[in-house]
$ cat start_17.txt   # compact mmCIF, C-alpha atoms
# COMPACT_ATOMS: atom_id res chain seq x y z
CA MET A 114 92.15 80.54 -37.61
CA LYS A 115 93.24 83.69 -39.46
CA ILE A 116 92.23 86.91 -37.77
CA ALA A 117 93.03 90.19 -39.48
CA ILE A 118 93.14 93.51 -37.66
CA ILE A 119 92.81 96.29 -40.19
CA ASN A 120 95.79 98.57 -39.73
CA TYR A 121 95.15 102.01 -41.19
CA GLY A 122 97.00 104.09 -38.65
CA ALA A 123 93.99 104.71 -36.44
CA GLY A 124 95.02 104.50 -32.83
CA ASN A 125 95.86 101.88 -30.30
CA ILE A 126 95.55 98.58 -32.12
CA GLN A 127 98.20 96.81 -30.05
CA SER A 128 95.74 96.50 -27.19
CA ILE A 129 93.30 94.66 -29.43
CA ARG A 130 96.03 92.31 -30.60
CA PHE A 131 97.13 91.66 -27.01
CA ALA A 132 93.52 91.00 -25.92
CA PHE A 133 93.19 88.29 -28.58
CA GLU A 134 96.57 86.88 -27.63
CA ARG A 135 95.36 86.55 -24.05
CA LEU A 136 92.64 84.30 -25.54
CA GLY A 137 95.31 82.18 -27.20
CA VAL A 138 94.91 83.34 -30.81
CA HIS A 139 97.33 85.41 -32.86
CA PRO A 140 95.81 88.02 -35.14
CA PHE A 141 97.86 89.79 -37.79
CA LEU A 142 97.82 93.49 -38.60
CA SER A 143 97.32 94.37 -42.24
CA ASP A 144 96.45 97.16 -44.66
CA GLN A 145 96.52 94.79 -47.65
CA ALA A 146 93.12 94.13 -49.22
CA GLU A 147 93.88 90.57 -50.34
CA GLU A 148 95.32 89.56 -47.01
CA ILE A 149 92.37 91.00 -45.11
CA ALA A 150 89.83 89.42 -47.45
CA SER A 151 91.41 86.00 -46.94
CA ALA A 152 91.05 86.07 -43.14
CA ASP A 153 88.39 84.06 -41.29
CA LEU A 154 87.56 87.02 -39.07
CA VAL A 155 88.22 90.72 -39.50
CA VAL A 156 88.55 93.34 -36.76
CA PHE A 157 88.07 96.97 -37.78
CA PRO A 158 89.42 99.18 -34.97
CA GLY A 159 89.71 102.93 -34.73
CA VAL A 160 90.12 105.81 -32.38
CA GLY A 161 90.51 109.47 -33.22
CA GLU A 162 88.57 111.68 -35.60
CA ALA A 163 86.06 110.28 -38.11
CA SER A 164 86.84 112.27 -41.27
CA SER A 165 90.61 111.81 -41.01
CA ALA A 166 90.16 108.09 -40.30
CA MET A 167 87.93 107.84 -43.38
CA SER A 168 90.55 109.63 -45.48
CA LYS A 169 93.14 107.11 -44.34
CA LEU A 170 90.83 104.25 -45.33
CA LYS A 171 90.26 105.84 -48.73
CA SER A 172 93.96 106.39 -49.37
CA THR A 173 94.47 102.63 -49.16
CA LYS A 174 91.14 101.82 -50.90
CA LEU A 175 90.06 99.87 -47.82
CA ASP A 176 86.77 101.80 -47.91
CA LEU A 177 85.90 99.74 -50.98
CA LEU A 178 87.01 96.44 -49.49
CA ILE A 179 85.32 96.55 -46.09
CA PRO A 180 81.65 96.67 -47.22
CA ARG A 181 82.32 93.69 -49.51
CA LEU A 182 83.69 91.43 -46.77
CA THR A 183 81.59 88.31 -46.21
CA GLN A 184 83.28 86.85 -43.11
CA PRO A 185 82.36 88.14 -39.62
CA VAL A 186 83.62 91.70 -39.17
CA LEU A 187 83.85 93.46 -35.80
CA GLY A 188 84.05 97.26 -35.80
CA ILE A 189 85.31 98.69 -32.52
CA CYS A 190 84.65 102.25 -31.31
CA LEU A 191 85.32 104.57 -34.26
CA GLY A 192 85.40 101.42 -36.42
CA MET A 193 81.74 100.84 -35.52
CA GLN A 194 80.89 104.48 -36.24
CA LEU A 195 82.55 104.35 -39.66
CA LEU A 196 80.37 101.35 -40.52
CA CYS A 197 77.33 103.60 -40.07
CA LYS A 198 75.70 105.69 -42.78
CA TYR A 199 77.04 109.05 -41.70
CA SER A 200 78.81 110.80 -38.81
CA GLU A 201 78.33 114.36 -37.63
CA GLU A 202 82.01 114.31 -36.70
CA GLY A 203 83.76 116.08 -39.56
CA ASP A 204 80.57 115.71 -41.66
CA THR A 205 81.73 112.25 -42.70
CA LYS A 206 80.01 109.87 -45.07
CA GLY A 207 80.37 106.36 -43.65
CA LEU A 208 80.59 102.87 -45.14
CA ASP A 209 76.80 102.59 -44.97
CA ILE A 210 76.45 99.13 -43.45
CA PHE A 211 74.39 100.19 -40.44
CA GLU A 212 71.52 102.42 -41.45
CA VAL A 213 71.97 105.02 -38.77
CA ASP A 214 73.59 108.46 -38.45
CA VAL A 215 76.19 109.03 -35.72
CA LEU A 216 75.50 112.16 -33.62
CA ARG A 217 77.35 114.17 -31.00
CA PHE A 218 76.22 113.88 -27.36
CA ASN A 219 74.37 117.09 -26.49
CA GLN A 220 72.15 115.97 -23.64
CA GLY A 221 73.85 118.10 -20.97
CA VAL A 222 76.41 115.39 -20.22
CA LYS A 223 80.19 115.70 -20.14
CA VAL A 224 81.81 114.97 -23.48
CA PRO A 225 83.66 112.69 -24.06
CA GLN A 226 81.96 109.99 -22.05
CA ILE A 227 84.90 108.24 -20.40
CA GLY A 228 84.57 105.22 -18.16
CA TRP A 229 82.51 102.15 -17.39
CA ASN A 230 78.84 102.01 -18.25
CA THR A 231 76.39 99.10 -18.42
CA ILE A 232 75.04 97.29 -21.48
CA ASP A 233 71.45 96.19 -21.65
CA GLN A 234 68.82 94.58 -23.91
CA LEU A 235 71.48 92.31 -25.36
CA LYS A 236 70.78 90.44 -28.57
CA SER A 237 72.96 88.22 -30.78
CA ASP A 238 75.55 85.53 -30.05
CA LEU A 239 78.14 88.24 -29.57
CA PHE A 240 76.73 88.51 -26.03
CA LYS A 241 76.36 84.79 -25.36
CA ASP A 242 76.84 84.21 -21.60
CA VAL A 243 77.06 87.96 -20.98
CA SER A 244 74.30 89.21 -18.70
CA ASP A 245 72.40 92.47 -18.91
CA LYS A 246 73.91 95.24 -16.77
CA GLU A 247 77.48 94.06 -17.21
CA TYR A 248 80.05 96.88 -17.31
CA ILE A 249 82.06 97.82 -20.38
CA TYR A 250 84.64 100.58 -20.95
CA LEU A 251 83.82 103.48 -23.27
CA VAL A 252 85.56 106.60 -24.54
CA HIS A 253 83.54 108.55 -27.07
CA SER A 254 81.95 111.88 -27.94
CA TYR A 255 79.61 110.66 -30.69
CA TYR A 256 76.98 107.93 -30.53
CA ALA A 257 74.72 105.82 -32.73
CA PRO A 258 71.03 106.29 -31.80
CA LEU A 259 68.79 103.29 -31.27
CA CYS A 260 67.76 101.64 -34.54
CA LYS A 261 66.61 98.30 -35.88
CA GLU A 262 70.23 97.05 -35.91
CA THR A 263 70.78 97.76 -32.19
CA ILE A 264 71.96 94.70 -30.23
CA ALA A 265 73.05 96.45 -27.00
CA VAL A 266 71.79 99.60 -25.30
CA SER A 267 73.56 101.99 -22.91
CA ASP A 268 72.38 105.17 -21.26
CA TYR A 269 74.30 108.45 -21.16
CA GLY A 270 71.74 111.21 -20.97
CA ILE A 271 70.01 109.29 -23.74
CA LYS A 272 69.58 105.60 -24.52
CA TYR A 273 71.76 104.74 -27.51
CA SER A 274 73.31 101.79 -29.35
CA THR A 275 76.46 100.38 -27.76
CA ALA A 276 76.43 97.55 -30.29
CA LEU A 277 75.00 97.03 -33.76
CA LYS A 278 74.63 94.03 -36.04
CA LYS A 279 73.66 93.55 -39.64
CA GLY A 280 74.39 90.27 -41.39
CA ASN A 281 78.07 89.45 -40.91
CA PHE A 282 78.85 92.95 -39.59
CA TYR A 283 79.09 93.63 -35.87
CA GLY A 284 79.95 96.94 -34.27
CA VAL A 285 80.68 97.77 -30.64
CA GLN A 286 81.04 101.30 -29.32
CA PHE A 287 82.88 100.10 -26.24
CA HIS A 288 86.41 98.71 -26.05
CA PRO A 289 86.14 94.96 -25.44
CA GLU A 290 89.94 94.79 -25.28
CA LYS A 291 89.84 97.08 -22.22
CA SER A 292 86.62 95.82 -20.64
CA SER A 293 88.12 93.28 -18.25
CA THR A 294 86.71 89.74 -18.26
CA VAL A 295 83.38 90.82 -19.81
CA GLY A 296 85.23 92.25 -22.80
CA ALA A 297 87.31 89.10 -23.10
CA LYS A 298 84.11 87.02 -23.16
CA ILE A 299 82.70 89.17 -25.98
CA LEU A 300 85.89 88.77 -28.02
CA GLU A 301 85.80 85.04 -27.38
CA ASN A 302 82.21 84.96 -28.66
CA PHE A 303 83.37 86.78 -31.78
CA LEU A 304 86.04 84.11 -32.29
CA ASN A 305 83.26 81.51 -32.27
CA MET A 306 81.25 83.21 -35.02
CA MET B 25 74.69 104.53 -16.01
CA LEU B 26 78.24 105.80 -16.20
CA THR B 27 80.10 104.89 -13.01
CA LYS B 28 82.65 106.83 -10.97
CA ARG B 29 86.18 105.55 -11.49
CA ILE B 30 88.74 104.48 -8.89
CA ILE B 31 92.29 104.87 -10.19
CA PRO B 32 95.42 103.63 -8.40
CA CYS B 33 98.52 105.58 -9.41
CA LEU B 34 101.90 103.87 -9.69
CA ASP B 35 105.09 105.90 -9.58
CA ILE B 36 107.72 104.38 -11.83
CA LYS B 37 111.47 104.85 -11.83
CA ASP B 38 113.70 103.00 -14.28
CA GLY B 39 110.95 100.49 -14.96
CA ARG B 40 110.21 99.71 -11.30
CA THR B 41 107.55 100.95 -8.87
CA VAL B 42 109.01 103.52 -6.56
CA LYS B 43 107.05 104.00 -3.40
CA GLY B 44 107.40 101.31 -0.81
CA VAL B 45 104.47 99.02 -1.20
CA ASN B 46 103.00 96.56 1.23
CA PHE B 47 102.18 93.54 -0.86
CA VAL B 48 103.28 90.41 0.89
CA ASP B 49 101.24 88.26 -1.46
CA LEU B 50 102.92 89.49 -4.62
CA ARG B 51 106.06 87.80 -5.84
CA ASP B 52 107.57 91.12 -6.83
CA ALA B 53 105.63 94.23 -5.83
CA GLY B 54 108.39 96.31 -7.41
CA ASP B 55 107.30 95.01 -10.80
CA PRO B 56 104.72 97.48 -12.15
CA VAL B 57 103.17 94.79 -14.35
CA GLU B 58 102.48 92.47 -11.45
CA LEU B 59 101.09 95.30 -9.35
CA ALA B 60 98.94 96.52 -12.26
CA ALA B 61 97.49 93.05 -12.80
CA PHE B 62 96.76 92.82 -9.07
CA TYR B 63 94.85 96.12 -9.15
CA ALA B 64 92.94 95.16 -12.29
CA ASP B 65 91.78 91.97 -10.53
CA ALA B 66 91.00 93.89 -7.36
CA GLY B 67 88.48 96.09 -9.18
CA ALA B 68 90.47 99.16 -10.23
CA ASP B 69 88.72 100.91 -13.12
CA GLU B 70 91.84 102.37 -14.64
CA LEU B 71 95.51 102.79 -13.82
CA VAL B 72 97.92 105.69 -14.05
CA PHE B 73 101.68 105.21 -14.40
CA LEU B 74 103.75 108.22 -13.57
CA ASP B 75 107.34 107.93 -14.71
CA ILE B 76 109.85 109.88 -12.67
CA SER B 77 113.08 108.50 -14.12
CA ALA B 78 115.64 110.98 -15.27
CA THR B 79 118.02 108.78 -17.24
CA GLU B 80 118.96 108.90 -20.90
CA GLU B 81 117.35 105.52 -21.37
CA ARG B 82 114.04 106.53 -19.85
CA ARG B 83 111.96 106.63 -23.03
CA LYS B 84 113.01 103.17 -24.14
CA THR B 85 112.62 101.68 -20.67
CA LEU B 86 109.15 103.19 -20.28
CA ALA B 87 108.02 102.01 -23.72
CA LYS B 88 109.12 98.46 -22.87
CA LEU B 89 107.21 98.61 -19.62
CA VAL B 90 104.09 99.97 -21.34
CA ARG B 91 104.18 97.07 -23.73
CA ARG B 92 104.42 94.52 -20.93
CA VAL B 93 101.51 96.18 -19.12
CA ALA B 94 99.37 96.25 -22.28
CA GLU B 95 100.07 92.57 -22.92
CA LYS B 96 98.89 91.58 -19.48
CA VAL B 97 96.32 94.08 -18.22
CA ASN B 98 92.73 94.22 -19.51
CA ILE B 99 91.70 97.65 -18.19
CA PRO B 100 92.71 101.07 -19.57
CA PHE B 101 95.83 102.85 -18.41
CA THR B 102 97.37 106.29 -18.72
CA VAL B 103 101.08 107.02 -18.86
CA GLY B 104 102.57 110.34 -17.76
CA GLY B 105 105.80 111.93 -16.69
CA GLY B 106 108.19 113.95 -18.82
CA ILE B 107 106.17 113.72 -22.03
CA SER B 108 106.95 116.74 -24.16
CA SER B 109 106.45 115.85 -27.82
CA SER B 110 104.17 113.97 -30.16
CA LYS B 111 107.09 111.61 -30.79
CA ASP B 112 107.04 110.59 -27.11
CA VAL B 113 103.28 110.06 -27.30
CA ASP B 114 103.46 108.06 -30.51
CA LEU B 115 105.94 105.63 -28.95
CA LEU B 116 103.77 105.09 -25.86
CA LEU B 117 100.50 104.67 -27.75
CA HIS B 118 102.09 102.28 -30.19
CA ASN B 119 103.26 100.14 -27.33
CA GLY B 120 99.72 99.92 -26.01
CA ALA B 121 99.08 102.88 -23.68
CA ASP B 122 95.46 104.03 -23.87
CA LYS B 123 96.06 107.60 -22.80
CA ILE B 124 98.96 109.84 -22.01
CA SER B 125 99.13 112.76 -19.64
CA VAL B 126 101.05 115.99 -20.07
CA ASN B 127 101.68 118.53 -17.36
CA SER B 128 104.58 121.02 -17.28
CA SER B 129 105.26 120.65 -21.00
CA ALA B 130 101.70 121.79 -21.78
CA VAL B 131 101.99 124.80 -19.49
CA LYS B 132 105.24 125.82 -21.17
CA ASN B 133 103.88 125.12 -24.64
CA PRO B 134 100.05 125.04 -24.70
CA GLU B 135 100.04 124.34 -28.47
CA LEU B 136 101.33 120.89 -27.57
CA ILE B 137 97.78 120.01 -26.47
CA ASP B 138 96.33 121.00 -29.88
CA GLU B 139 99.06 119.07 -31.65
CA LEU B 140 98.46 115.89 -29.65
CA VAL B 141 94.69 116.15 -29.96
CA GLY B 142 95.01 116.67 -33.72
CA LYS B 143 97.30 113.68 -34.15
CA PHE B 144 95.91 111.18 -31.67
CA GLY B 145 92.44 112.42 -30.67
CA SER B 146 91.01 113.99 -27.52
CA GLN B 147 90.25 110.60 -26.02
CA CYS B 148 93.88 109.88 -25.25
CA VAL B 149 95.04 113.30 -24.08
CA VAL B 150 94.84 113.89 -20.34
CA VAL B 151 96.15 117.19 -19.03
CA ALA B 152 97.46 116.91 -15.48
CA ILE B 153 97.38 120.12 -13.45
CA ASP B 154 99.20 120.56 -10.14
CA ALA B 155 98.01 123.58 -8.21
CA LYS B 156 98.32 125.17 -4.82
CA LYS B 157 96.40 127.96 -3.14
CA ILE B 158 98.55 131.07 -2.70
CA ASN B 159 96.95 134.12 -1.03
CA GLY B 160 93.52 132.73 -1.75
CA LYS B 161 94.19 132.02 -5.44
CA TRP B 162 94.79 128.60 -6.97
CA LYS B 163 98.08 128.81 -8.89
CA VAL B 164 99.36 126.20 -11.33
CA HIS B 165 102.72 124.66 -10.38
CA LEU B 166 105.34 122.96 -12.53
CA VAL B 167 107.85 120.13 -12.13
CA GLY B 168 105.75 117.94 -9.85
CA GLY B 169 104.40 120.93 -7.98
CA LYS B 170 107.77 122.40 -7.10
CA VAL B 171 107.80 125.54 -9.25
CA PRO B 172 104.97 128.09 -8.90
CA THR B 173 103.62 130.01 -11.89
CA GLU B 174 101.32 133.01 -12.15
CA ILE B 175 98.78 130.94 -14.09
CA GLU B 176 95.41 130.62 -12.43
CA LEU B 177 93.98 127.09 -12.14
CA PHE B 178 90.46 127.71 -13.46
CA GLN B 179 91.64 129.78 -16.42
CA TRP B 180 94.18 127.14 -17.34
CA ALA B 181 91.53 124.42 -17.08
CA GLU B 182 89.32 126.41 -19.44
CA GLU B 183 92.14 126.77 -21.94
CA VAL B 184 93.00 123.09 -21.69
CA GLU B 185 89.42 122.12 -22.53
CA LYS B 186 89.28 124.60 -25.43
CA ARG B 187 92.45 123.12 -26.86
CA GLY B 188 90.73 119.74 -26.92
CA ALA B 189 92.01 117.77 -23.93
CA GLY B 190 89.80 114.77 -23.14
CA GLU B 191 90.22 114.89 -19.36
CA ILE B 192 91.78 116.91 -16.56
CA LEU B 193 93.71 115.27 -13.73
CA PHE B 194 93.78 117.84 -10.96
CA THR B 195 96.19 117.41 -8.05
CA SER B 196 95.99 119.81 -5.13
CA MET B 197 99.50 120.27 -3.75
CA ASP B 198 97.87 121.48 -0.52
CA HIS B 199 96.13 118.15 -0.05
CA ASP B 200 98.60 115.71 -1.62
CA GLY B 201 100.17 113.47 1.01
CA THR B 202 98.03 114.82 3.87
CA LYS B 203 95.39 112.04 3.88
CA ASN B 204 92.94 114.73 4.95
CA GLY B 205 90.61 114.53 1.96
CA PHE B 206 90.50 115.90 -1.58
CA ALA B 207 90.26 119.59 -2.57
CA ASN B 208 86.53 119.34 -3.05
CA GLU B 209 85.74 123.03 -3.31
CA ALA B 210 88.13 123.55 -6.22
CA LEU B 211 87.10 120.23 -7.75
CA ARG B 212 83.45 121.16 -7.63
CA ARG B 213 84.15 124.41 -9.42
CA LEU B 214 86.29 122.67 -12.04
CA SER B 215 83.70 119.98 -12.61
CA THR B 216 80.85 122.47 -12.88
CA GLU B 217 82.64 124.92 -15.16
CA ARG B 218 84.20 122.37 -17.45
CA ASN B 219 82.42 119.90 -19.71
CA ILE B 220 85.14 117.22 -19.72
CA PRO B 221 85.72 114.62 -17.00
CA ILE B 222 87.72 115.70 -13.94
CA ILE B 223 89.94 113.25 -12.03
CA ALA B 224 90.50 114.18 -8.37
CA SER B 225 93.95 113.61 -6.94
CA GLY B 226 95.69 114.39 -3.67
CA GLY B 227 94.48 113.81 -0.13
CA ALA B 228 92.85 110.38 -0.11
CA GLY B 229 92.97 108.89 3.38
CA THR B 230 89.60 107.34 4.19
CA VAL B 231 86.58 105.91 2.42
CA GLN B 232 84.62 109.02 3.40
CA HIS B 233 87.12 111.14 1.44
CA PHE B 234 86.17 109.30 -1.72
CA VAL B 235 82.46 109.65 -0.97
CA ASP B 236 82.97 113.38 -0.43
CA THR B 237 84.99 113.96 -3.59
CA PHE B 238 82.33 112.28 -5.72
CA LYS B 239 79.39 113.92 -3.95
CA GLU B 240 80.70 117.34 -2.93
CA GLY B 241 83.60 117.63 -5.36
CA LYS B 242 81.53 116.24 -8.25
CA ALA B 243 84.64 114.43 -9.48
CA ASP B 244 84.25 111.90 -12.27
CA ALA B 245 87.13 109.77 -11.03
CA ALA B 246 89.42 109.66 -8.02
CA LEU B 247 93.09 108.79 -8.03
CA ALA B 248 95.16 107.64 -5.06
CA ALA B 249 98.47 105.93 -4.40
CA SER B 250 99.52 105.16 -0.86
CA VAL B 251 96.13 104.14 0.58
CA PHE B 252 96.08 101.37 -2.00
CA HIS B 253 99.77 100.53 -2.04
CA PHE B 254 99.90 100.13 1.73
CA ARG B 255 96.66 98.18 1.74
CA GLU B 256 95.00 100.70 4.04
CA MET B 257 91.97 100.30 1.84
CA GLU B 258 90.88 97.51 -0.49
CA ILE B 259 89.27 98.74 -3.69
CA HIS B 260 86.42 96.29 -3.37
CA ASP B 261 85.57 97.46 0.16
CA LEU B 262 85.84 101.07 -0.96
CA LYS B 263 83.41 100.45 -3.78
CA ARG B 264 80.96 98.68 -1.49
CA GLU B 265 80.93 101.73 0.77
CA LEU B 266 80.55 104.08 -2.18
CA LYS B 267 77.57 102.07 -3.35
CA LYS B 268 75.98 102.36 0.12
CA HIS B 269 76.28 106.12 -0.32
CA ASN B 270 74.58 105.90 -3.71
CA VAL B 271 77.73 106.62 -5.69
CA PRO B 272 77.52 104.53 -8.89
CA VAL B 273 80.50 102.17 -9.15
CA ARG B 274 81.44 99.11 -11.16
CA PHE B 275 81.75 95.68 -9.54
$ encode --input "start_17.txt" --output "structure tokens"
Amino acid sequence: MKIAIINYGAGNIQSIRFAFERLGVHPFLSDQAEEIASADLVVFPGVGEASSAMSKLKSTKLDLLIPRLTQPVLGICLGMQLLCKYSEEGDTKGLDIFEVDVLRFNQGVKVPQIGWNTIDQLKSDLFKDVSDKEYIYLVHSYYAPLCKETIAVSDYGIKYSTALKKGNFYGVQFHPEKSSTVGAKILENFLNM
Amino acid sequence: MLTKRIIPCLDIKDGRTVKGVNFVDLRDAGDPVELAAFYADAGADELVFLDISATEERRKTLAKLVRRVAEKVNIPFTVGGGISSSKDVDLLLHNGADKISVNSSAVKNPELIDELVGKFGSQCVVVAIDAKKINGKWKVHLVGGKVPTEIELFQWAEEVEKRGAGEILFTSMDHDGTKNGFANEALRRLSTERNIPIIASGGAGTVQHFVDTFKEGKADAALAASVFHFREMEIHDLKRELKKHNVPVRF
């Protein structure tokens, strides 16, 4: 199985690679459109700031490739947010897969949210054998509100989407690669898509 | 609901854990990777590695260690100790560290925080602050708490947040090593005044100390070393007690 991790200089992608390697598969890192398009599965990671991450995608024309991918794609953290329509962070136009705008937490909570929260109201095979109220690790200041594409819900002053799905596109706000055995199970489910 | 985090801290020298640890069931408790994996299985929410080596080779040795930890451990970890440039940070993040912490270097050059936040994002920049109460005022200290400055703790914390740090790791030098409890009064003020997470450090001795630092100190996370290393407290038991006291924790 060929698993591509999109490498556009956005953050800690080694951890994602290592998490897959712990599951016995060996993803490759790439910023080459053809190589990414030929993979069976694509992981779209990202940490950092939305507008600068989007500029990096644009500079390699990956912003044009990603929406056209037809194999299962998993956006992680900022990767998920960039798959949305728009982000308040840096007033950034997104890749417009998920029809939702990403907003900054302003519910009187500490920002960023850092730590382990629960996921609930799970839908989709991505959460096969994962029970409601399992803990996942999050680090983020912006969130995707609930919408028709929501497949997991968390609560941080407000109930919001910790995972989204539309067609072959999946997005998770949390870091499965850092979410202990629950995260590993979710990555394994993605491998079985 | 977001849970309170329990964070074991491992002191590292030349790629090995420093403090004597009481782990008869580990093959090599001096190996930070093995100890880290043990803590991850035991229910630790995060780990902190504090490098205290002073050799020429330290950067390379630490980067190698970080890579081995990232390969094996499936919970987040922070690396600190002697980090003074974005080049240092880049090397650690690229080897798989989730966050880095800066301390003295940020006090000496506060713009370093802005630079790191700009390059790598707030989420991976922890500012560690060591402070001690002198004549009723909390003063920031440098070099592992050895060198006093005239900088006031709460002002520095405010500046650190403004410059974009994602978290503050506050160690009270008055409490560190005493096992008499955390500096909850100062922590409470920090946590109330600041809008970023505060990690409490220094003074952990009993389960009640953790309950108090979450309840009275309003800490978002609590860090400890020897109570865990010497098996005076098992993380799972600690969390069970915290839950009894209505502190939200992950199991």
$ residues_around --input "start_17.txt" --residues "Leu136 of chain A" --least-positions-apart "3" --cutoff "12 Å" --atoms "all atoms listed in the file" --output "PyMOL selection string"
(chain A and resi 129-133+139-140+290+294+296-305) or (chain B and resi 95-96+98)
$ atom_distance --input "start_17.txt" --atom1 "atom CA of Thr102 of chain B" --atom2 "atom CA of Glu58 of chain B"
16.4 Å
$ interface_residues --input "start_17.txt" --of "chain A" --to "chain B" --cutoff "9 Å" --atoms "all atoms listed in the file" --output "ChimeraX atom specification"
/A:123-132,134-135,160-162,221-231,247-248,250,252-254,267-270,289-294,296-297
$ write_last_selection --input "start_17.txt" --atoms "C-alpha atoms" --output "short mmCIF file (atom, residue, chain, number, x, y, z; two decimals), in the coordinates of the input"
data_model
loop_
_atom_site.label_atom_id
_atom_site.label_comp_id
_atom_site.auth_asym_id
_atom_site.auth_seq_id
_atom_site.Cartn_x
_atom_site.Cartn_y
_atom_site.Cartn_z
CA ALA A 123 93.99 104.71 -36.44
CA GLY A 124 95.02 104.50 -32.83
CA ASN A 125 95.86 101.88 -30.30
CA ILE A 126 95.55 98.58 -32.12
CA GLN A 127 98.20 96.81 -30.05
CA SER A 128 95.74 96.50 -27.19
CA ILE A 129 93.30 94.66 -29.43
CA ARG A 130 96.03 92.31 -30.60
CA PHE A 131 97.13 91.66 -27.01
CA ALA A 132 93.52 91.00 -25.92
CA GLU A 134 96.57 86.88 -27.63
CA ARG A 135 95.36 86.55 -24.05
CA VAL A 160 90.12 105.81 -32.38
CA GLY A 161 90.51 109.47 -33.22
CA GLU A 162 88.57 111.68 -35.60
CA GLY A 221 73.85 118.10 -20.97
CA VAL A 222 76.41 115.39 -20.22
CA LYS A 223 80.19 115.70 -20.14
CA VAL A 224 81.81 114.97 -23.48
CA PRO A 225 83.66 112.69 -24.06
CA GLN A 226 81.96 109.99 -22.05
CA ILE A 227 84.90 108.24 -20.40
CA GLY A 228 84.57 105.22 -18.16
CA TRP A 229 82.51 102.15 -17.39
CA ASN A 230 78.84 102.01 -18.25
CA THR A 231 76.39 99.10 -18.42
CA GLU A 247 77.48 94.06 -17.21
CA TYR A 248 80.05 96.88 -17.31
CA TYR A 250 84.64 100.58 -20.95
CA VAL A 252 85.56 106.60 -24.54
CA HIS A 253 83.54 108.55 -27.07
CA SER A 254 81.95 111.88 -27.94
CA SER A 267 73.56 101.99 -22.91
CA ASP A 268 72.38 105.17 -21.26
CA TYR A 269 74.30 108.45 -21.16
CA GLY A 270 71.74 111.21 -20.97
CA PRO A 289 86.14 94.96 -25.44
CA GLU A 290 89.94 94.79 -25.28
CA LYS A 291 89.84 97.08 -22.22
CA SER A 292 86.62 95.82 -20.64
CA SER A 293 88.12 93.28 -18.25
CA THR A 294 86.71 89.74 -18.26
CA GLY A 296 85.23 92.25 -22.80
CA ALA A 297 87.31 89.10 -23.10
#
$ closest_residue --input "start_17.txt" --among "B:Asp38, B:Arg264, B:Gly105, B:Asp236" --to "Glu80 of chain B" --atoms "all atoms listed in the file"
B:Asp38
$ residues_near_point --input "start_17.txt" --point "(92.2, 97.9, 0.0)" --cutoff "12 Å" --atoms "all atoms listed in the file" --output "ChimeraX atom specification"
/B:30,32,46-47,62-63,66-68,229-231,248-265
$ write_last_selection --input "start_17.txt" --atoms "C-alpha atoms" --output "mmCIF file, in the coordinates of the input"
data_model
loop_
_atom_site.group_PDB
_atom_site.id
_atom_site.type_symbol
_atom_site.label_atom_id
_atom_site.label_comp_id
_atom_site.auth_asym_id
_atom_site.auth_seq_id
_atom_site.Cartn_x
_atom_site.Cartn_y
_atom_site.Cartn_z
ATOM 1 C CA ILE B 30 88.740 104.480 -8.890
ATOM 2 C CA PRO B 32 95.420 103.630 -8.400
ATOM 3 C CA ASN B 46 103.000 96.560 1.230
ATOM 4 C CA PHE B 47 102.180 93.540 -0.860
ATOM 5 C CA PHE B 62 96.760 92.820 -9.070
ATOM 6 C CA TYR B 63 94.850 96.120 -9.150
ATOM 7 C CA ALA B 66 91.000 93.890 -7.360
ATOM 8 C CA GLY B 67 88.480 96.090 -9.180
ATOM 9 C CA ALA B 68 90.470 99.160 -10.230
ATOM 10 C CA GLY B 229 92.970 108.890 3.380
ATOM 11 C CA THR B 230 89.600 107.340 4.190
ATOM 12 C CA VAL B 231 86.580 105.910 2.420
ATOM 13 C CA ALA B 248 95.160 107.640 -5.060
ATOM 14 C CA ALA B 249 98.470 105.930 -4.400
ATOM 15 C CA SER B 250 99.520 105.160 -0.860
ATOM 16 C CA VAL B 251 96.130 104.140 0.580
ATOM 17 C CA PHE B 252 96.080 101.370 -2.000
ATOM 18 C CA HIS B 253 99.770 100.530 -2.040
ATOM 19 C CA PHE B 254 99.900 100.130 1.730
ATOM 20 C CA ARG B 255 96.660 98.180 1.740
ATOM 21 C CA GLU B 256 95.000 100.700 4.040
ATOM 22 C CA MET B 257 91.970 100.300 1.840
ATOM 23 C CA GLU B 258 90.880 97.510 -0.490
ATOM 24 C CA ILE B 259 89.270 98.740 -3.690
ATOM 25 C CA HIS B 260 86.420 96.290 -3.370
ATOM 26 C CA ASP B 261 85.570 97.460 0.160
ATOM 27 C CA LEU B 262 85.840 101.070 -0.960
ATOM 28 C CA LYS B 263 83.410 100.450 -3.780
ATOM 29 C CA ARG B 264 80.960 98.680 -1.490
ATOM 30 C CA GLU B 265 80.930 101.730 0.770
#
$ atom_distance --input "start_17.txt" --atom1 "atom CA of Gly160 of chain B" --atom2 "atom CA of Ser125 of chain B"
27.4 Å
$ closest_residue --input "start_17.txt" --among "B:Ala152, B:Ala61, B:Ile36, B:Ser225" --to "Arg82 of chain B" --atoms "only C-alpha atoms"
B:Ile36
$ decode --input "start_17.txt" --residues "segment 148-158 of chain B" --atoms "C-alpha atoms" --output "mmCIF file, in the first residue's frame"
data_model
loop_
_atom_site.group_PDB
_atom_site.id
_atom_site.type_symbol
_atom_site.label_atom_id
_atom_site.label_comp_id
_atom_site.auth_asym_id
_atom_site.auth_seq_id
_atom_site.Cartn_x
_atom_site.Cartn_y
_atom_site.Cartn_z
ATOM 1 C CA CYS B 148 4.901 24.280 20.070
ATOM 2 C CA VAL B 149 6.421 27.119 22.095
ATOM 3 C CA VAL B 150 6.400 26.615 25.857
ATOM 4 C CA VAL B 151 8.060 29.277 27.972
ATOM 5 C CA ALA B 152 9.451 27.881 31.215
ATOM 6 C CA ILE B 153 9.739 30.365 34.073
ATOM 7 C CA ASP B 154 11.703 29.676 37.255
ATOM 8 C CA ALA B 155 10.861 32.107 40.033
ATOM 9 C CA LYS B 156 11.433 32.615 43.710
ATOM 10 C CA LYS B 157 9.844 34.951 46.228
ATOM 11 C CA ILE B 158 12.289 37.618 47.409
#
